[in-house]
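Below is the file model08.txt, which contains compact mmCIF, C-alpha atoms and all ligand atoms.
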# COMPACT_ATOMS: atom_id res chain seq x y z
CA MET A 1 -8.98 221.32 60.11
CA ILE A 2 -9.10 220.03 56.50
CA PRO A 3 -12.41 221.10 54.91
CA ARG A 4 -14.79 218.18 54.40
CA THR A 5 -17.83 217.56 52.26
CA ILE A 6 -20.67 216.92 54.67
CA VAL A 7 -24.32 216.08 54.01
CA VAL A 8 -26.63 217.17 56.84
CA ALA A 9 -30.18 215.81 56.72
CA GLY A 10 -32.66 217.76 58.85
CA ALA A 11 -30.63 220.91 58.27
CA THR A 12 -33.49 223.26 59.22
CA GLY A 13 -34.26 221.61 62.56
CA GLN A 14 -33.59 222.68 66.12
CA VAL A 15 -30.41 220.56 66.18
CA GLY A 16 -29.50 220.26 62.50
CA LYS A 17 -29.61 224.01 61.78
CA PRO A 18 -26.97 225.18 64.27
CA VAL A 19 -24.84 222.16 63.37
CA ALA A 20 -25.01 222.79 59.60
CA LYS A 21 -24.31 226.51 60.05
CA ALA A 22 -21.35 225.86 62.35
CA LEU A 23 -19.84 223.27 59.97
CA ALA A 24 -20.18 225.70 57.05
CA ALA A 25 -18.61 228.49 59.15
CA GLN A 26 -15.65 226.15 59.77
CA GLY A 27 -15.03 226.05 55.99
CA ASN A 28 -16.61 222.70 55.18
CA GLU A 29 -18.71 222.13 52.05
CA VAL A 30 -22.10 221.54 53.65
CA HIS A 31 -25.12 220.16 51.81
CA GLY A 32 -28.31 220.57 53.80
CA LEU A 33 -31.40 218.41 53.21
CA ALA A 34 -34.90 219.36 54.30
CA ARG A 35 -38.16 220.30 52.61
CA PHE A 36 -37.21 224.02 53.03
CA LYS A 37 -40.84 225.12 52.95
CA ASP A 38 -39.97 228.32 54.83
CA PRO A 39 -38.11 230.63 52.39
CA ILE A 40 -36.72 232.71 55.28
CA VAL A 41 -34.99 229.66 56.76
CA ARG A 42 -33.69 228.69 53.33
CA GLU A 43 -32.24 232.19 52.88
CA GLU A 44 -30.65 231.96 56.33
CA MET A 45 -29.00 228.66 55.39
CA VAL A 46 -27.80 229.93 52.01
CA ALA A 47 -26.37 233.03 53.72
CA ALA A 48 -24.57 230.72 56.15
CA GLY A 49 -22.93 228.97 53.18
CA VAL A 50 -25.06 225.79 53.15
CA THR A 51 -26.08 224.34 49.77
CA CYS A 52 -29.78 223.54 50.12
CA HIS A 53 -31.42 220.43 48.66
CA ALA A 54 -35.21 220.38 48.92
CA VAL A 55 -36.01 216.72 49.61
CA ASP A 56 -39.13 215.18 51.11
CA LEU A 57 -37.91 212.11 52.98
CA ILE A 58 -41.35 210.49 52.79
CA GLU A 59 -40.61 209.88 49.08
CA PRO A 60 -37.02 211.02 48.73
CA ASP A 61 -35.49 212.08 45.45
CA LEU A 62 -31.77 212.28 46.30
CA SER A 63 -30.57 212.89 42.74
CA THR A 64 -29.06 216.32 43.53
CA VAL A 65 -27.31 215.15 46.70
CA PRO A 66 -23.56 214.43 46.26
CA THR A 67 -22.41 210.82 46.34
CA GLU A 68 -18.77 211.86 46.81
CA LEU A 69 -18.62 213.06 50.41
CA ASP A 70 -16.79 212.61 53.66
CA HIS A 71 -19.57 212.44 56.22
CA LEU A 72 -23.34 212.05 56.47
CA LEU A 73 -25.10 213.51 59.52
CA ASN A 74 -28.76 212.56 59.82
CA PHE A 75 -30.72 214.90 62.11
CA ALA A 76 -33.99 214.61 60.17
CA VAL A 77 -37.10 213.50 62.02
CA THR A 78 -40.68 213.37 60.80
CA LYS A 79 -43.56 213.46 63.29
CA THR A 80 -46.80 213.53 61.29
CA GLY A 81 -48.48 210.96 63.56
CA ARG A 82 -49.18 208.80 60.46
CA TRP A 83 -47.46 205.43 60.79
CA ASP A 84 -46.89 204.94 57.07
CA LYS A 85 -45.34 208.38 56.56
CA ASP A 86 -43.29 208.40 59.77
CA LEU A 87 -41.82 204.94 59.22
CA ALA A 88 -41.02 205.83 55.60
CA ALA A 89 -39.36 209.18 56.41
CA ASN A 90 -37.53 208.14 59.58
CA ALA A 91 -36.63 204.50 58.98
CA ASP A 92 -36.71 203.76 55.23
CA ALA A 93 -35.19 207.15 54.39
CA ALA A 94 -32.34 206.66 56.88
CA GLY A 95 -31.38 203.57 54.86
CA LEU A 96 -31.88 205.24 51.49
CA LEU A 97 -29.68 208.15 52.59
CA MET A 98 -26.94 205.80 53.75
CA GLN A 99 -27.21 203.84 50.51
CA HIS A 100 -26.90 207.06 48.51
CA CYS A 101 -23.97 208.24 50.69
CA ARG A 102 -22.27 204.84 50.96
CA LYS A 103 -18.90 206.25 49.82
CA ALA A 104 -18.74 208.41 52.97
CA LYS A 105 -16.01 207.82 55.51
CA SER A 106 -18.50 207.85 58.35
CA VAL A 107 -22.10 208.48 59.33
CA LEU A 108 -23.69 210.01 62.41
CA HIS A 109 -27.28 208.88 62.80
CA CYS A 110 -29.04 210.94 65.46
CA SER A 111 -31.47 208.91 67.52
CA SER A 112 -33.23 209.62 70.80
CA THR A 113 -33.42 208.38 74.38
CA ALA A 114 -37.10 207.94 73.50
CA VAL A 115 -36.14 204.47 72.22
CA TYR A 116 -35.63 203.26 75.83
CA ALA A 117 -38.36 201.77 77.94
CA PRO A 118 -39.03 204.32 80.70
CA THR A 119 -37.12 203.60 83.91
CA GLY A 120 -38.73 206.08 86.30
CA GLY A 121 -35.56 208.19 86.34
CA GLU A 122 -33.00 205.38 86.77
CA PRO A 123 -30.00 205.89 84.43
CA MET A 124 -30.40 204.16 81.06
CA ARG A 125 -27.33 202.44 79.62
CA GLU A 126 -26.82 201.80 75.93
CA ASP A 127 -27.80 198.14 76.56
CA SER A 128 -30.90 198.97 78.63
CA PRO A 129 -34.23 197.59 77.40
CA LEU A 130 -35.94 199.38 74.55
CA GLY A 131 -39.64 199.66 74.09
CA GLN A 132 -42.99 201.03 75.18
CA ASP A 133 -44.01 204.17 73.46
CA HIS A 134 -42.13 206.72 75.52
CA HIS A 135 -43.81 209.69 73.83
CA GLN A 136 -47.19 208.06 73.14
CA TYR A 137 -49.29 210.87 74.64
CA MET A 138 -47.70 213.61 72.54
CA MET A 139 -46.16 211.95 69.47
CA PRO A 140 -47.64 208.47 69.05
CA THR A 141 -45.27 207.24 66.33
CA TYR A 142 -42.05 208.81 67.64
CA SER A 143 -40.41 206.14 69.80
CA THR A 144 -41.25 203.28 67.46
CA ALA A 145 -40.14 205.19 64.36
CA LYS A 146 -36.86 206.14 66.09
CA THR A 147 -36.22 202.51 67.06
CA ALA A 148 -37.03 201.38 63.52
CA ALA A 149 -34.65 204.03 62.16
CA GLU A 150 -31.85 202.75 64.41
CA SER A 151 -32.37 199.25 63.06
CA VAL A 152 -32.25 200.45 59.48
CA ALA A 153 -29.10 202.51 60.19
CA SER A 154 -27.54 199.49 61.86
CA PHE A 155 -28.43 197.32 58.85
CA ALA A 156 -27.08 199.90 56.38
CA ALA A 157 -23.79 200.19 58.30
CA LYS A 158 -23.30 196.46 57.77
CA ALA A 159 -24.75 196.22 54.26
CA PHE A 160 -22.68 199.12 52.88
CA ASP A 161 -19.65 198.60 55.15
CA LEU A 162 -20.22 202.17 56.28
CA PRO A 163 -18.75 203.18 59.68
CA THR A 164 -21.65 204.58 61.71
CA THR A 165 -22.40 206.04 65.11
CA ILE A 166 -25.96 205.98 66.40
CA ALA A 167 -26.22 208.70 69.06
CA ARG A 168 -29.23 208.68 71.39
CA LEU A 169 -29.76 212.34 72.16
CA CYS A 170 -31.47 213.33 75.42
CA VAL A 171 -32.66 216.99 75.65
CA PRO A 172 -30.88 219.40 73.28
CA TYR A 173 -31.27 223.16 73.66
CA GLY A 174 -29.45 226.37 72.81
CA ASP A 175 -29.85 229.96 71.78
CA GLU A 176 -31.71 228.76 68.64
CA GLY A 177 -34.34 226.78 70.49
CA GLY A 178 -35.33 223.63 72.29
CA TRP A 179 -38.11 221.98 74.29
CA PRO A 180 -37.47 224.18 77.39
CA ILE A 181 -38.54 227.27 75.42
CA PHE A 182 -42.09 225.92 75.35
CA HIS A 183 -42.04 225.66 79.12
CA LEU A 184 -40.95 229.28 79.49
CA MET A 185 -43.62 230.38 77.01
CA MET A 186 -46.31 228.40 78.88
CA ALA A 187 -45.21 230.01 82.14
CA GLN A 188 -45.31 233.46 80.53
CA GLY A 189 -48.85 232.66 79.32
CA GLY A 190 -49.91 231.48 82.80
CA GLN A 191 -50.54 227.93 81.56
CA PRO A 192 -49.87 224.96 83.88
CA ILE A 193 -46.92 222.89 82.59
CA PRO A 194 -47.42 219.13 82.45
CA VAL A 195 -44.69 217.25 84.31
CA HIS A 196 -44.42 213.50 84.69
CA THR A 197 -45.12 211.99 88.09
CA ASP A 198 -41.64 210.40 87.88
CA GLY A 199 -40.05 213.88 88.20
CA SER A 200 -39.45 214.75 84.49
CA ARG A 201 -35.63 214.68 84.71
CA TYR A 202 -33.29 214.70 81.71
CA ASN A 203 -29.61 215.05 80.74
CA VAL A 204 -29.68 218.35 78.91
CA ILE A 205 -27.03 219.24 76.30
CA HIS A 206 -26.29 222.64 74.78
CA HIS A 207 -25.99 223.10 70.99
CA GLU A 208 -22.37 224.25 71.47
CA ASP A 209 -21.46 220.89 73.00
CA ILE A 210 -23.43 219.06 70.31
CA ILE A 211 -21.40 220.88 67.65
CA SER A 212 -18.05 220.37 69.35
CA GLN A 213 -18.68 216.63 69.88
CA ILE A 214 -19.47 215.86 66.24
CA PRO A 215 -15.86 215.09 65.21
CA ALA A 216 -15.52 212.61 68.10
CA LEU A 217 -18.86 211.00 67.23
CA LEU A 218 -17.70 210.55 63.63
CA GLU A 219 -14.32 209.30 64.84
CA ALA A 220 -16.13 206.68 66.95
CA ALA A 221 -18.05 205.35 63.93
CA THR A 222 -17.63 201.63 63.31
CA THR A 223 -19.12 198.73 61.40
CA PRO A 224 -21.27 197.33 63.01
CA ALA A 225 -22.50 200.68 64.33
CA THR A 226 -21.40 202.17 67.64
CA ILE A 227 -24.30 203.15 69.89
CA LEU A 228 -23.82 206.00 72.36
CA ASN A 229 -26.01 207.99 74.71
CA TRP A 230 -25.72 211.72 73.98
CA GLY A 231 -26.20 214.29 76.72
CA SER A 232 -24.27 216.17 79.39
CA ASP A 233 -23.82 214.96 82.95
CA ASP A 234 -26.29 217.63 84.15
CA VAL A 235 -29.58 215.99 85.08
CA VAL A 236 -32.20 218.71 85.35
CA SER A 237 -35.97 218.56 85.82
CA VAL A 238 -38.57 220.50 83.84
CA GLU A 239 -39.57 222.23 87.09
CA GLU A 240 -35.99 223.22 87.85
CA TRP A 241 -35.20 224.68 84.42
CA THR A 242 -38.56 226.44 84.10
CA ARG A 243 -38.28 228.11 87.52
CA PHE A 244 -34.66 229.08 86.71
CA MET A 245 -35.57 230.65 83.35
CA CYS A 246 -38.70 232.38 84.73
CA ASP A 247 -36.56 234.04 87.38
CA ILE A 248 -34.16 235.40 84.76
CA ALA A 249 -36.85 236.38 82.24
CA GLY A 250 -39.04 238.02 84.90
CA ALA A 251 -41.90 235.66 84.05
CA PRO A 252 -44.68 234.82 86.53
CA GLU A 253 -44.14 231.97 89.01
CA PRO A 254 -44.76 228.82 86.91
CA THR A 255 -47.39 226.24 87.84
CA PHE A 256 -47.05 222.51 87.15
CA ALA A 257 -49.58 219.77 86.48
CA PRO A 258 -48.21 216.33 87.44
CA THR A 259 -49.55 213.56 85.20
CA ASP A 260 -48.61 210.13 83.85
CA HIS A 261 -49.74 211.26 80.39
CA THR A 262 -46.65 213.17 79.33
CA ILE A 263 -43.04 212.40 78.39
CA PRO A 264 -41.41 210.44 81.23
CA SER A 265 -37.93 211.06 82.63
CA ALA A 266 -34.94 210.04 80.51
CA VAL A 267 -31.83 209.99 82.65
CA ILE A 268 -28.86 208.44 80.86
CA ASP A 269 -25.76 206.65 81.99
CA THR A 270 -22.99 208.79 80.44
CA GLU A 271 -19.99 206.60 81.26
CA ARG A 272 -19.47 205.30 77.72
CA SER A 273 -20.15 208.63 75.99
CA ARG A 274 -17.90 210.61 78.36
CA ALA A 275 -15.04 208.21 77.58
CA VAL A 276 -15.52 208.76 73.84
CA LEU A 277 -16.67 212.39 73.68
CA GLY A 278 -15.04 214.00 76.69
CA PRO A 279 -16.77 216.45 79.02
CA CYS A 280 -19.35 219.05 78.02
CA ALA A 281 -18.27 222.69 78.27
CA VAL A 282 -21.62 224.42 78.88
CA ASP A 283 -23.13 223.77 82.32
CA TRP A 284 -26.92 223.90 82.48
CA GLN A 285 -27.16 227.15 84.47
CA THR A 286 -24.97 229.01 81.96
CA GLY A 287 -26.87 227.57 79.01
CA PHE A 288 -30.36 228.21 80.40
CA ARG A 289 -29.39 231.71 81.56
CA ARG A 290 -28.31 232.54 78.00
CA LEU A 291 -31.49 231.01 76.57
CA ALA A 292 -33.74 232.96 78.97
CA GLU A 293 -31.86 236.21 78.34
CA THR A 294 -32.06 235.69 74.55
CA LEU A 295 -35.80 235.07 74.75
CA ALA A 296 -36.47 237.85 77.23
N1 LIG V 301 -35.63 218.13 70.04
C1 LIG V 301 -35.47 217.26 71.03
O1 LIG V 301 -35.83 217.54 72.19
C2 LIG V 301 -34.83 215.91 70.75
C3 LIG V 301 -34.62 215.05 71.82
C4 LIG V 301 -34.00 213.82 71.59
C5 LIG V 301 -33.62 213.48 70.31
N2 LIG V 301 -33.86 214.32 69.28
C6 LIG V 301 -33.44 213.91 67.94
O2 LIG V 301 -32.59 214.91 67.42
C7 LIG V 301 -32.71 214.93 65.99
C8 LIG V 301 -33.04 216.34 65.57
O3 LIG V 301 -34.30 216.71 66.13
P1 LIG V 301 -34.85 218.19 66.07
O4 LIG V 301 -35.45 218.51 67.37
O5 LIG V 301 -33.82 219.07 65.48
O6 LIG V 301 -36.04 218.02 65.04
P2 LIG V 301 -36.88 219.18 64.34
O7 LIG V 301 -36.58 220.50 64.91
O8 LIG V 301 -38.31 218.69 64.32
O9 LIG V 301 -36.31 219.17 62.85
C9 LIG V 301 -36.58 218.10 62.00
C10 LIG V 301 -35.79 218.26 60.72
O10 LIG V 301 -36.20 217.21 59.84
C11 LIG V 301 -36.70 217.80 58.63
N3 LIG V 301 -37.84 217.04 58.14
C12 LIG V 301 -38.98 216.74 58.80
N4 LIG V 301 -39.79 216.05 57.99
C13 LIG V 301 -39.15 215.93 56.80
C14 LIG V 301 -39.48 215.33 55.55
N5 LIG V 301 -40.65 214.72 55.35
N6 LIG V 301 -38.58 215.40 54.55
C15 LIG V 301 -37.39 216.05 54.74
N7 LIG V 301 -37.02 216.61 55.88
C16 LIG V 301 -37.90 216.56 56.90
C17 LIG V 301 -37.14 219.21 59.02
O11 LIG V 301 -37.06 220.05 57.90
P3 LIG V 301 -38.30 220.63 57.07
O12 LIG V 301 -39.47 220.74 58.00
O13 LIG V 301 -37.79 221.94 56.55
O14 LIG V 301 -38.52 219.64 56.00
C18 LIG V 301 -36.06 219.57 60.02
O15 LIG V 301 -34.90 219.98 59.33
C19 LIG V 301 -33.78 213.90 65.64
O16 LIG V 301 -33.16 212.68 65.34
C20 LIG V 301 -34.56 213.78 66.94
O17 LIG V 301 -35.23 212.54 67.02
C21 LIG V 301 -34.44 215.54 69.46
Could you take the file, read its structure, and then write that structure out as structure tokens?
Amino acid sequence: MIPRTIVVAGATGQVGKPVAKALAAQGNEVHGLARFKDPIVREEMVAAGVTCHAVDLIEPDLSTVPTELDHLLNFAVTKTGRWDKDLAANADAAGLLMQHCRKAKSVLHCSSTAVYAPTGGEPMREDSPLGQDHHQYMMPTYSTAKTAAESVASFAAKAFDLPTTIARLCVPYGDEGGWPIFHLMMAQGGQPIPVHTDGSRYNVIHHEDIISQIPALLEAATTPATILNWGSDDVVSVEEWTRFMCDIAGAPEPTFAPTDHTIPSAVIDTERSRAVLGPCAVDWQTGFRRLAETLA
């Protein structure tokens, strides 16, 4: 592969970190953006070959970030719970980044299935209705800020004639982390795990598949932006993955607390994304086994 210059926003995050490290390991020139408040994480990224740019996306100063680049990947997300800050950092900053990087060949803007109106576990297509604050009980600004960010990315793709893919990620996880880790930790601590009354089912996707699908996501970038769901075909419930990991980690039998006041199911229709991205390589049992063994 020809080495590329790639800007990765959110380079210290659960998803952005393994992506930025993998792209650097492949020989690309990777510029990572984040606040880098944790010096240990910064050192880890520098050691992985990532050039670090400390930027606060609430009031971004992008002056050190290259304008000559091949690709922009935006995995940043800000969840302060303050509407002004979260709209500025997620939505306005997505546009400012694309404006700054407008000479790029393509952009991947990472969004979330949280933009969809909950369907009670029915598969959501890319043209399914958006709306209702999917995450309102845990992260009140999240769904709205993610939808606003998609609109800004869509606008910027047109305004700057910048080929863009907006990928609505479902539940990412891998050896470096993910939401399911919290469930295992709660089970280990004997705490009941909230699950939605709709069954809490999601299309999980392993970091390895996320990394390997990035070239195809960039290849799919268009103006106006392409919108794709992003997840594997494995639909797994919180109960299923927690029980599975507890078994492997030797944790106590988990207990669950069904409620309407938690994140509802997000099952996606994967027809369009499978056609563009191909199949995922890591099945959920292999991925969760590795995660549980790593944590144990
Ligand atoms: N995790 C999930 O289960 C999930 C599910 C669906 C979709 N997604 C989407 O996947 C993408 C990546 O999510 P993630 O889970 O990796 O998020 P994360 O772990 O919370 O990481 C967020 C990243 O954004 C950076 N960031 C946050 N606030 C910032 C600010 N004010 N200025 C600059 N950088 C800031 C963080 O770096 P610093 O803190 O170092 O600044 C970090 O690198 C997001 O688009 C998210 O919406 C995630």
key: Residue contacts of Ile211 in chain A (12 Å, only C-alpha atoms) excluding same-chain residues fewer than 4 positions away, as a PyMOL selection string   = chain A and resi 15-26+73+172-174+205-207+215-218+230+277+280-282
The selected residues should be written to file as a short mmCIF file (atom, residue, chain, number, x, y, z; two decimals), in the frame of the given file (atoms: C-alpha atoms).
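Below is the file selection.cif, written as the result:
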data_model
loop_
_atom_site.label_atom_id
_atom_site.label_comp_id
_atom_site.auth_asym_id
_atom_site.auth_seq_id
_atom_site.Cartn_x
_atom_site.Cartn_y
_atom_site.Cartn_z
CA VAL A 15 -30.41 220.56 66.18
CA GLY A 16 -29.50 220.26 62.50
CA LYS A 17 -29.61 224.01 61.78
CA PRO A 18 -26.97 225.18 64.27
CA VAL A 19 -24.84 222.16 63.37
CA ALA A 20 -25.01 222.79 59.60
CA LYS A 21 -24.31 226.51 60.05
CA ALA A 22 -21.35 225.86 62.35
CA LEU A 23 -19.84 223.27 59.97
CA ALA A 24 -20.18 225.70 57.05
CA ALA A 25 -18.61 228.49 59.15
CA GLN A 26 -15.65 226.15 59.77
CA LEU A 73 -25.10 213.51 59.52
CA PRO A 172 -30.88 219.40 73.28
CA TYR A 173 -31.27 223.16 73.66
CA GLY A 174 -29.45 226.37 72.81
CA ILE A 205 -27.03 219.24 76.30
CA HIS A 206 -26.29 222.64 74.78
CA HIS A 207 -25.99 223.10 70.99
CA PRO A 215 -15.86 215.09 65.21
CA ALA A 216 -15.52 212.61 68.10
CA LEU A 217 -18.86 211.00 67.23
CA LEU A 218 -17.70 210.55 63.63
CA TRP A 230 -25.72 211.72 73.98
CA LEU A 277 -16.67 212.39 73.68
CA CYS A 280 -19.35 219.05 78.02
CA ALA A 281 -18.27 222.69 78.27
CA VAL A 282 -21.62 224.42 78.88
#
task = May I ask you to write as a ChimeraX atom specification all residues lying at most 6 Å from ligand LIG 301 (chain V), with all atoms listed in the file counted?
result = /A:10-16,34-37,55-58,75-78,89,110-112,169-172,178-179
message = Taking 2 positions as the minimum chain separation for residues in the same chain, which residues sit within 12 Å of Lys105 in chain A when counting only C-alpha atoms? Answer as a PyMOL selection string.
response = chain A and resi 4-7+67-73+98+101-103+107-108+157+160-165+218-223
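Atom pair CA of Trp241 in chain A / CA of Ile181 in chain A has a distance of 9.9 Å (rounded to one decimal).
CA of Gly199 in chain A to CA of Pro264 in chain A spans 7.9 Å [interatomic distance, one decimal].
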query = Which one is closest to Arg290 in chain A: A:Pro254, A:Gly177, A:Pro123, A:Gly190? Count all atoms listed in the file.
reply =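 Residue with the minimum atom-to-atom distance to Arg290 in chain A: A:Gly177.
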message = One decimal, in Å: what's the spacing between CA of Glu122 in chain A and CA of Glu150 in chain A?
response = 22.5 Å
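Using only C-alpha atoms, the smallest distance between any of A:Leu97, A:Ile40, A:Ala91, A:Ile263 and Val65 in chain A comes from A:Leu97.
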query = So which one's closest to Tyr202 in chain A, A:Ala145, A:Ala251, A:Val235, A:Val46? Using all atoms listed in the file, please.
reply =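 Between A:Ala145, A:Ala251, A:Val235, A:Val46, the residue approaching Tyr202 in chain A most closely is A:Val235.
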note = The residue from A:Gly81, A:Gly189, A:Pro66, A:Gly250 with the smallest atom-to-atom distance to Pro140 in chain A, counting all atoms listed in the file, is A:Gly81
inquiry  = Report as a list in words all protein, DNA and RNA residues lying within 8 Å of Gln132 in chain A, evaluated on all atoms listed in the file, omitting residues in the same chain fewer than 3 positions from it.
reply    =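 Within the cut-off, the hits are Tyr116, Ala117, Pro118 and Ser143 of chain A.
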message = Just checking: using all atoms listed in the file, which residue out of A:Pro194, A:Ser151, A:Thr144, A:Met186 ends up closest to Arg82 in chain A?
response =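 Between A:Pro194, A:Ser151, A:Thr144, A:Met186, the residue approaching Arg82 in chain A most closely is A:Thr144.
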inquiry  = Could you check the closest approach to Ile2 in chain A for each of A:Asn28, A:Lys85, A:Asp198, A:Glu240 and tell me which residue wins, using only C-alpha atoms?
reply    = A:Asn28
